[in-house]
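Structure data (mmCIF, C-alpha atoms and all ligand atoms) from my_file_2.cif:
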```
data_data
loop_
_atom_site.label_atom_id
_atom_site.label_comp_id
_atom_site.auth_asym_id
_atom_site.auth_seq_id
_atom_site.Cartn_x
_atom_site.Cartn_y
_atom_site.Cartn_z
CA MET R 10 -55.92 -6.84 57.69
CA SER R 11 -59.35 -6.09 59.08
CA LEU R 12 -59.06 -7.79 62.47
CA SER R 13 -57.66 -5.58 65.18
CA THR R 14 -56.31 -8.56 67.13
CA ILE R 15 -54.52 -11.77 66.16
CA THR R 16 -53.44 -14.80 68.17
CA PRO R 17 -49.76 -15.40 68.98
CA GLN R 18 -49.71 -18.32 66.50
CA GLN R 19 -51.17 -16.14 63.72
CA ALA R 20 -48.62 -13.46 64.53
CA LEU R 21 -45.76 -15.97 64.35
CA ASN R 22 -47.00 -17.31 60.99
CA ALA R 23 -47.28 -13.79 59.58
CA ILE R 24 -43.79 -12.89 60.83
CA GLN R 25 -42.31 -16.04 59.29
CA ARG R 26 -43.91 -15.19 55.94
CA ASN R 27 -42.54 -11.64 56.25
CA ARG R 28 -46.05 -10.26 56.28
CA LEU R 29 -45.90 -8.64 59.70
CA THR R 30 -43.46 -6.45 61.60
CA LEU R 31 -43.87 -6.94 65.33
CA LEU R 32 -43.27 -4.04 67.70
CA ASP R 33 -42.64 -4.90 71.34
CA ILE R 34 -44.02 -1.96 73.34
CA ARG R 35 -43.10 -3.27 76.80
CA GLN R 36 -40.70 -1.55 79.18
CA PRO R 37 -37.02 -2.58 78.94
CA HIS R 38 -37.14 -4.61 82.17
CA GLU R 39 -40.10 -6.62 80.83
CA GLN R 40 -38.31 -7.31 77.57
CA LEU R 41 -35.44 -8.90 79.49
CA GLN R 42 -37.73 -11.90 80.13
CA GLY R 43 -37.55 -12.63 76.44
CA MET R 44 -38.68 -11.18 73.11
CA VAL R 45 -40.17 -12.57 69.93
CA GLU R 46 -37.36 -13.18 67.46
CA GLY R 47 -37.17 -10.32 64.96
CA SER R 48 -39.46 -8.03 66.97
CA ILE R 49 -38.46 -4.41 67.46
CA ALA R 50 -38.48 -2.65 70.83
CA VAL R 51 -40.42 0.62 70.59
CA LEU R 52 -41.59 2.55 73.65
CA PRO R 53 -45.30 3.54 73.53
CA GLU R 54 -44.44 7.25 73.49
CA ALA R 55 -42.33 6.76 70.36
CA LEU R 56 -44.88 4.60 68.57
CA LYS R 57 -46.69 7.29 66.62
CA ASP R 58 -43.45 8.60 65.12
CA TRP R 59 -42.43 5.06 64.25
CA CYS R 60 -45.75 4.43 62.46
CA ASN R 61 -45.49 7.71 60.58
CA GLN R 62 -42.12 6.70 59.21
CA ASN R 63 -43.26 3.19 58.28
CA GLU R 64 -46.74 3.71 56.87
CA GLU R 65 -46.54 0.98 54.28
CA ILE R 66 -46.01 -2.08 56.44
CA GLU R 67 -48.35 -4.31 58.40
CA LEU R 68 -47.66 -3.74 62.07
CA GLY R 69 -48.31 -5.92 65.07
CA LEU R 70 -48.10 -4.67 68.65
CA ILE R 71 -47.25 -6.91 71.56
CA CYS R 72 -47.14 -6.14 75.29
CA GLN R 73 -47.08 -8.31 78.43
CA ARG R 74 -50.77 -9.30 78.63
CA GLY R 75 -52.33 -7.75 75.54
CA VAL R 76 -54.04 -4.87 77.32
CA ARG R 77 -51.68 -2.04 76.53
CA SER R 78 -51.20 -3.17 72.92
CA GLU R 79 -54.95 -3.35 72.34
CA ARG R 80 -55.51 0.10 73.78
CA LEU R 81 -52.71 1.56 71.66
CA CYS R 82 -54.07 -0.23 68.61
CA GLN R 83 -57.43 1.44 69.09
CA THR R 84 -55.78 4.85 69.48
CA LEU R 85 -53.72 4.33 66.36
CA SER R 86 -56.52 2.83 64.25
CA SER R 87 -57.97 6.26 63.44
CA THR R 88 -54.79 7.06 61.49
CA PHE R 89 -53.35 3.62 60.69
CA ASP R 90 -55.48 0.72 59.49
CA ARG R 91 -52.57 -1.68 59.25
CA VAL R 92 -52.04 -2.17 62.99
CA VAL R 93 -53.03 -5.27 64.97
CA SER R 94 -52.59 -6.31 68.57
CA VAL R 95 -51.37 -9.73 69.69
CA GLN R 96 -54.04 -11.22 71.99
CA GLY R 97 -52.83 -11.96 75.50
CA GLY R 98 -49.36 -10.59 74.79
CA ILE R 99 -46.13 -12.35 75.74
CA GLU R 100 -47.90 -14.35 78.44
CA ALA R 101 -50.23 -15.93 75.87
CA TRP R 102 -47.22 -16.41 73.61
CA LEU R 103 -45.51 -18.41 76.38
CA ASP R 104 -48.72 -20.34 77.16
CA ALA R 105 -48.84 -21.38 73.51
CA ASP R 106 -45.24 -22.67 73.84
CA LEU R 107 -43.97 -20.37 71.13
CA PRO R 108 -40.28 -19.47 71.15
CA LEU R 109 -38.71 -16.32 72.63
CA VAL R 110 -35.16 -15.04 72.48
CA ARG R 111 -33.26 -13.28 75.24
CA PRO R 112 -32.55 -9.73 74.14
CA ASP R 113 -29.68 -9.26 76.53
CA SER R 114 -27.44 -11.63 78.42
CA ARG R 115 -25.58 -8.86 80.19
CA LEU R 116 -27.93 -8.96 83.18
CA ASP R 117 -29.13 -12.17 84.80
CA ALA R 118 -32.65 -12.83 86.07
CA ALA R 119 -31.82 -11.87 89.66
CA GLU R 120 -30.29 -8.59 88.52
CA VAL R 121 -33.36 -7.80 86.42
CA GLN R 122 -35.49 -8.41 89.49
CA ARG R 123 -33.24 -6.45 91.85
CA TYR R 124 -32.86 -3.36 89.64
CA ARG R 125 -36.42 -3.34 88.30
CA ALA R 126 -37.23 0.20 89.47
CA GLN R 127 -34.02 1.50 87.90
CA LEU R 128 -34.48 -0.43 84.64
CA ALA R 129 -37.94 1.10 84.35
CA LEU R 130 -36.35 4.56 84.10
CA PRO R 131 -36.06 5.30 80.39
CA ALA R 132 -32.89 7.36 81.06
CA ILE R 133 -31.15 4.40 82.72
CA GLY R 134 -32.74 1.26 81.25
CA ILE R 135 -30.64 -1.76 80.34
CA GLU R 136 -27.78 0.21 78.86
CA GLY R 137 -27.38 2.39 81.96
CA GLN R 138 -27.63 -0.60 84.28
CA VAL R 139 -24.98 -2.48 82.34
CA ARG R 140 -22.74 0.59 82.51
CA LEU R 141 -23.17 0.68 86.31
CA LYS R 142 -22.39 -3.02 86.50
CA ARG R 143 -19.17 -2.53 84.59
CA SER R 144 -18.06 0.46 86.68
CA ARG R 145 -15.45 0.65 89.38
CA VAL R 146 -15.96 3.30 92.06
CA LEU R 147 -13.60 4.21 94.87
CA VAL R 148 -15.08 5.71 98.03
CA ILE R 149 -12.58 7.54 100.23
CA GLY R 150 -13.61 7.14 103.85
CA ALA R 151 -16.42 5.09 105.37
CA GLY R 152 -17.58 7.97 107.55
CA GLY R 153 -20.59 10.27 107.52
CA LEU R 154 -20.46 10.86 103.74
CA GLY R 155 -18.90 7.60 102.58
CA CYS R 156 -21.46 5.41 104.37
CA PRO R 157 -24.63 6.68 102.65
CA ALA R 158 -22.81 7.15 99.34
CA ALA R 159 -21.43 3.60 99.36
CA MET R 160 -24.75 2.19 100.51
CA TYR R 161 -26.72 3.64 97.59
CA LEU R 162 -23.98 2.83 95.08
CA ALA R 163 -23.96 -0.79 96.23
CA ALA R 164 -27.75 -0.90 96.12
CA ALA R 165 -27.79 0.63 92.63
CA GLY R 166 -25.52 -2.10 91.29
CA VAL R 167 -22.12 -0.45 90.80
CA GLY R 168 -20.24 -3.62 89.89
CA HIS R 169 -17.05 -2.95 91.77
CA LEU R 170 -17.00 -0.77 94.86
CA SER R 171 -13.83 -0.09 96.87
CA ILE R 172 -13.74 1.57 100.26
CA VAL R 173 -10.62 2.91 101.89
CA ASP R 174 -10.45 3.87 105.58
CA HIS R 175 -7.81 3.34 108.27
CA ASP R 176 -10.00 4.26 111.23
CA ARG R 177 -11.88 2.01 113.63
CA VAL R 178 -15.59 2.21 114.48
CA GLU R 179 -16.31 4.14 117.68
CA LEU R 180 -19.57 4.62 119.52
CA SER R 181 -19.56 8.36 118.68
CA ASN R 182 -19.51 7.50 114.92
CA LEU R 183 -22.89 5.79 114.96
CA GLN R 184 -24.79 9.09 115.09
CA ARG R 185 -24.06 9.56 111.36
CA GLN R 186 -21.96 6.68 109.95
CA VAL R 187 -24.92 4.46 109.19
CA LEU R 188 -23.11 1.40 107.80
CA HIS R 189 -21.54 0.57 111.16
CA SER R 190 -23.15 -0.95 114.23
CA ILE R 191 -22.53 -1.62 117.91
CA GLU R 192 -21.50 -5.20 117.09
CA ARG R 193 -18.60 -3.81 115.09
CA LEU R 194 -17.17 -1.28 117.56
CA GLY R 195 -13.37 -1.40 117.28
CA VAL R 196 -13.47 -2.97 113.79
CA ASN R 197 -11.79 -1.18 110.89
CA LYS R 198 -14.37 0.99 109.09
CA ALA R 199 -13.56 -0.24 105.58
CA LEU R 200 -14.03 -3.85 106.73
CA SER R 201 -17.18 -2.98 108.68
CA ALA R 202 -18.61 -1.23 105.60
CA GLN R 203 -17.69 -4.18 103.39
CA GLN R 204 -19.49 -6.57 105.72
CA ARG R 205 -22.66 -4.46 105.77
CA LEU R 206 -22.66 -3.84 102.00
CA SER R 207 -22.18 -7.53 101.15
CA GLY R 208 -25.42 -8.18 103.01
CA LEU R 209 -27.13 -5.53 100.93
CA ASN R 210 -25.94 -6.68 97.51
CA ASP R 211 -24.23 -10.02 96.92
CA GLN R 212 -24.12 -9.52 93.15
CA ILE R 213 -21.35 -6.92 93.20
CA ARG R 214 -17.72 -6.97 94.27
CA ILE R 215 -16.87 -4.96 97.38
CA GLU R 216 -13.23 -4.37 98.19
CA ALA R 217 -12.04 -3.07 101.57
CA HIS R 218 -8.76 -1.20 101.95
CA PRO R 219 -8.09 -0.88 105.66
CA MET R 220 -5.23 1.59 105.37
CA ARG R 221 -4.34 5.25 105.61
CA ALA R 222 -4.74 7.18 102.36
CA ASP R 223 -1.24 8.45 101.59
CA SER R 224 -0.16 9.89 98.29
CA ALA R 225 1.26 6.65 96.81
CA SER R 226 -1.62 4.41 97.88
CA ILE R 227 -4.22 6.94 96.73
CA ARG R 228 -2.62 7.24 93.31
CA THR R 229 -2.56 3.45 92.86
CA LEU R 230 -6.19 3.15 93.92
CA VAL R 231 -7.40 6.08 91.80
CA ASP R 232 -5.74 4.57 88.72
CA ARG R 233 -7.73 1.37 89.17
CA HIS R 234 -11.18 3.04 89.32
CA ASP R 235 -13.48 4.96 86.97
CA LEU R 236 -14.76 7.52 89.45
CA ILE R 237 -13.78 8.63 92.95
CA VAL R 238 -16.18 9.71 95.70
CA ASP R 239 -14.43 11.83 98.30
CA GLY R 240 -15.93 11.29 101.72
CA SER R 241 -12.84 12.36 103.65
CA ASP R 242 -13.02 14.93 106.44
CA ASN R 243 -9.70 16.77 106.21
CA TYR R 244 -7.94 19.11 103.80
CA ALA R 245 -4.78 16.99 103.53
CA THR R 246 -6.64 13.96 102.17
CA ARG R 247 -8.85 16.07 99.90
CA TYR R 248 -5.77 17.68 98.30
CA LEU R 249 -4.18 14.27 97.79
CA VAL R 250 -7.34 12.85 96.23
CA ASN R 251 -7.80 15.94 94.06
CA GLN R 252 -4.24 15.71 92.74
CA ALA R 253 -4.45 11.98 92.11
CA CYS R 254 -7.74 12.39 90.19
CA LEU R 255 -6.30 15.27 88.15
CA LYS R 256 -3.25 13.22 87.25
CA ALA R 257 -5.28 10.16 86.30
CA ALA R 258 -7.99 12.22 84.52
CA LYS R 259 -10.74 10.67 86.66
CA PRO R 260 -13.95 12.39 87.82
CA LEU R 261 -14.12 13.31 91.51
CA VAL R 262 -17.39 13.72 93.38
CA TYR R 263 -16.75 16.11 96.24
CA GLY R 264 -18.84 16.53 99.36
CA ALA R 265 -18.25 18.20 102.72
CA VAL R 266 -20.26 18.96 105.84
CA GLU R 267 -19.86 21.03 108.98
CA GLN R 268 -22.45 21.69 111.66
CA PHE R 269 -25.57 22.59 109.61
CA ALA R 270 -23.84 23.36 106.30
CA GLY R 271 -23.08 21.06 103.41
CA GLN R 272 -21.35 21.35 100.03
CA LEU R 273 -21.38 19.28 96.89
CA SER R 274 -19.76 19.41 93.46
CA LEU R 275 -18.23 17.25 90.77
CA PHE R 276 -14.80 17.89 89.35
CA ASP R 277 -14.73 16.16 86.03
CA PHE R 278 -11.13 15.69 84.93
CA SER R 279 -12.13 13.03 82.40
CA VAL R 280 -12.19 13.39 78.63
CA ARG R 281 -15.79 14.56 78.87
CA GLN R 282 -14.57 17.97 80.12
CA PRO R 283 -11.04 18.20 78.71
CA HIS R 284 -9.04 20.66 80.82
CA SER R 285 -12.11 22.76 81.59
CA SER R 286 -13.28 21.52 84.98
CA PRO R 287 -12.35 23.45 88.10
CA CYS R 288 -10.66 21.37 90.81
CA TYR R 289 -10.84 21.22 94.59
CA GLU R 290 -7.87 23.57 94.92
CA CYS R 291 -9.58 26.17 92.71
CA LEU R 292 -12.26 26.21 95.43
CA PHE R 293 -9.93 25.95 98.43
CA PRO R 294 -6.37 27.04 97.52
CA ALA R 295 -3.89 24.90 99.46
CA HIS R 296 -1.85 27.82 100.81
CA GLU R 297 -4.95 29.19 102.58
CA HIS R 298 -5.86 25.89 104.18
CA ALA R 299 -2.55 24.44 105.27
CA GLY R 300 -3.77 23.29 108.71
CA GLU R 301 -6.09 20.40 109.43
CA ALA R 302 -9.78 21.25 109.51
CA PRO R 303 -11.43 20.58 112.86
CA SER R 304 -13.24 17.25 112.75
CA CYS R 305 -16.99 16.72 112.92
CA SER R 306 -16.71 15.50 116.49
CA GLU R 307 -15.00 18.76 117.49
CA ARG R 308 -17.17 21.23 115.55
CA GLY R 309 -20.30 19.11 115.56
CA VAL R 310 -22.59 18.02 112.74
CA LEU R 311 -26.23 17.14 112.41
CA GLY R 312 -26.07 13.43 111.56
CA ALA R 313 -28.70 13.47 108.83
CA LEU R 314 -26.83 16.18 106.91
CA PRO R 315 -23.88 14.02 105.75
CA GLY R 316 -26.62 11.49 104.95
CA LEU R 317 -28.17 14.02 102.57
CA ILE R 318 -24.86 15.10 101.00
CA GLY R 319 -23.62 11.49 100.74
CA CYS R 320 -26.83 10.46 98.97
CA MET R 321 -26.41 13.34 96.54
CA GLN R 322 -22.81 12.21 95.92
CA ALA R 323 -24.26 8.81 95.03
CA ILE R 324 -26.76 10.44 92.65
CA GLU R 325 -24.02 12.44 90.88
CA THR R 326 -21.98 9.24 90.61
CA ILE R 327 -24.82 7.19 89.14
CA LYS R 328 -25.60 9.98 86.67
CA TRP R 329 -21.99 10.26 85.55
CA LEU R 330 -21.51 6.51 85.22
CA SER R 331 -24.68 5.97 83.23
CA ASN R 332 -24.06 9.20 81.32
CA VAL R 333 -27.42 10.85 81.96
CA GLY R 334 -28.59 14.25 83.10
CA GLU R 335 -26.55 17.33 83.83
CA SER R 336 -23.65 16.96 86.23
CA LEU R 337 -22.67 19.45 88.92
CA CYS R 338 -19.38 20.10 87.14
CA GLY R 339 -18.70 23.87 87.25
CA ARG R 340 -21.34 24.38 89.92
CA LEU R 341 -21.12 24.30 93.71
CA LEU R 342 -24.23 23.35 95.61
CA THR R 343 -24.43 24.56 99.20
CA VAL R 344 -27.06 23.40 101.63
CA ASN R 345 -28.08 25.25 104.78
CA ALA R 346 -29.92 22.69 106.89
CA MET R 347 -30.95 25.36 109.41
CA THR R 348 -33.08 27.22 106.85
CA MET R 349 -33.32 24.29 104.43
CA GLN R 350 -32.06 26.47 101.61
CA PHE R 351 -30.15 25.06 98.66
CA ARG R 352 -27.93 27.51 96.82
CA GLU R 353 -26.01 27.03 93.62
CA THR R 354 -22.97 29.08 92.69
CA ARG R 355 -20.91 28.97 89.55
CA LEU R 356 -17.52 27.41 90.04
CA ASP R 357 -14.91 28.49 87.54
CA ARG R 358 -11.48 27.14 87.03
CA ASP R 359 -8.82 29.31 88.64
CA PRO R 360 -6.15 30.04 85.99
CA ALA R 361 -3.64 30.52 88.81
CA CYS R 362 -4.58 27.30 90.63
CA SER R 363 -1.44 25.54 91.83
CA ALA R 364 -2.97 22.11 91.16
CA CYS R 365 -4.82 22.20 87.85
CA ALA R 366 -3.24 25.16 86.01
CA GLN R 367 0.17 23.53 85.69
CA ASN R 368 -1.32 20.16 85.01
CA SER R 369 -3.10 21.26 81.86
CA SER R 370 -0.17 23.14 80.32
ZN ZN F 1 -7.67 23.95 90.22
#
```

What's the structure tokens form of this structure?
Amino acid sequence: MSLSTITPQQALNAIQRNRLTLLDIRQPHEQLQGMVEGSIAVLPEALKDWCNQNEEIELGLICQRGVRSERLCQTLSSTFDRVVSVQGGIEAWLDADLPLVRPDSRLDAAEVQRYRAQLALPAIGIEGQVRLKRSRVLVIGAGGLGCPAAMYLAAAGVGHLSIVDHDRVELSNLQRQVLHSIERLGVNKALSAQQRLSGLNDQIRIEAHPMRADSASIRTLVDRHDLIVDGSDNYATRYLVNQACLKAAKPLVYGAVEQFAGQLSLFDFSVRQPHSSPCYECLFPAHEHAGEAPSCSERGVLGALPGLIGCMQAIETIKWLSNVGESLCGRLLTVNAMTMQFRETRLDRDPACSACAQNSS
């Protein structure tokens, strides 16, 4: 093949006669619009390796408008003389009324549009987005941490989001609990959060549980979800949530704030870290913290700080659900907002921990 470009019709003829292998070098979100039947998705950065392994075959490259494929063709032509670019790309293919197939029916057109920036991330892509869509996350508390965490999880497309909170919205909450508003003063926080989040993303299911988190209700809720985000503000609830997650072998994303200090970690009780993750009680043994911690309104908190920690809880959640990156499991991140210093300390499992030591035996 001496030409470096071919028309879509020529490409289709060659493919049908098994004389051409077509590589689709577009990004995953572009491919969701449709692909040429039999074409292979190869990212530009992986193209050279692909060509090296398949030297013998005639290759065609196709992109959205024919620009990227032509440029890559020129780059490759010094080493491979069997590469051609499809003129005008998929857009010319569509203009010529040639057929395309949908590579994936797991996301609809609106979802592809909505999550475009996330789909463009090679680490997330279609597979990661579908995993998020199929996930069920429970957020404990629609307060300073739960609000930003739930907001970004809803925006990111977690398919089923549940929020539990028994409290009602007060004026003094609005300084940091960003899902609520003055129109909803006196409304239950879980319901207020649900209302706000439905306006943000109508393609996911948002469940409100306007009730107090006691041991039985927490256990039932934890069982029904894949991951739990703890946005509670007292030791009693944190111990309950920790124990329920341990029992159900579910990952727990922990966050806490006070004044100018914040903390974050992930306790992964799932099969990914079998019996090796520390738990909340390894960090704060129950016998040392029997009393209730003073609330944010008593001790004070800089409103943007739970915003920061809550957002990081959302990031850890998205990473865990789409199975990318390195989780904070076994590490405690502390933030000092006064000096803007982030510190990381190793968090080991306490072999004498009253919660997780007996559980694993
Ligand atoms: Zn423990």

Inset, instruction - For Lys198 in chain R, work out the shell of residues within 12 Å, counting all atoms listed in the file and skipping chain neighbours fewer than 5 positions away, then give it as an NGL selection string. - result: :R and (149-153 or 155-156 or 172-179 or 182-183 or 186-190 or 193 or 203-206 or 217-221)

Inset, instruction - Work out how far CA of Gln184 in chain R is from CA of Leu341 in chain R, in Å to one decimal. - result: 26.5 Å

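CA of Glu39 in chain R lies 23.9 Å from CA of Ser144 in chain R.
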
Legend entry - Given 12 Å and only C-alpha atoms and all ligand atoms, residues near ligand ZN 1 (chain F) as a count of residues only: 36

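Of the listed residues (R:Asn197, R:Asn210, R:Thr88, R:Ser48), R:Ser48 comes nearest to Cys72 in chain R; the distances count all atoms listed in the file.
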
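Nearest residue to Ile213 in chain R among R:Ala163, R:Val280, R:Ala323, R:Leu330 is R:Ala163, counting all atoms listed in the file.
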
Inset, instruction - Grab the CA of Thr30 in chain R to CA of Ile49 in chain R distance for me, in Å with one decimal place. - result: 8.0 Å

Which polymer residues have any atom within 10 Å of an atom of range 79-86 of chain R, counting only C-alpha atoms, with same-chain residues fewer than 3 positions away left out, as an mmCIF file with C-alpha atoms, in the frame of the given file?
```cif
data_model
loop_
_atom_site.group_PDB
_atom_site.id
_atom_site.type_symbol
_atom_site.label_atom_id
_atom_site.label_comp_id
_atom_site.auth_asym_id
_atom_site.auth_seq_id
_atom_site.Cartn_x
_atom_site.Cartn_y
_atom_site.Cartn_z
ATOM 1 C CA SER R 13 -57.660 -5.580 65.180
ATOM 2 C CA THR R 14 -56.310 -8.560 67.130
ATOM 3 C CA ILE R 34 -44.020 -1.960 73.340
ATOM 4 C CA PRO R 53 -45.300 3.540 73.530
ATOM 5 C CA LEU R 56 -44.880 4.600 68.570
ATOM 6 C CA LYS R 57 -46.690 7.290 66.620
ATOM 7 C CA CYS R 60 -45.750 4.430 62.460
ATOM 8 C CA LEU R 68 -47.660 -3.740 62.070
ATOM 9 C CA GLY R 69 -48.310 -5.920 65.070
ATOM 10 C CA LEU R 70 -48.100 -4.670 68.650
ATOM 11 C CA ILE R 71 -47.250 -6.910 71.560
ATOM 12 C CA CYS R 72 -47.140 -6.140 75.290
ATOM 13 C CA ARG R 74 -50.770 -9.300 78.630
ATOM 14 C CA GLY R 75 -52.330 -7.750 75.540
ATOM 15 C CA VAL R 76 -54.040 -4.870 77.320
ATOM 16 C CA PHE R 89 -53.350 3.620 60.690
ATOM 17 C CA ASP R 90 -55.480 0.720 59.490
ATOM 18 C CA ARG R 91 -52.570 -1.680 59.250
ATOM 19 C CA VAL R 92 -52.040 -2.170 62.990
ATOM 20 C CA VAL R 93 -53.030 -5.270 64.970
ATOM 21 C CA SER R 94 -52.590 -6.310 68.570
ATOM 22 C CA VAL R 95 -51.370 -9.730 69.690
ATOM 23 C CA GLN R 96 -54.040 -11.220 71.990
ATOM 24 C CA GLY R 97 -52.830 -11.960 75.500
ATOM 25 C CA GLY R 98 -49.360 -10.590 74.790
#
```
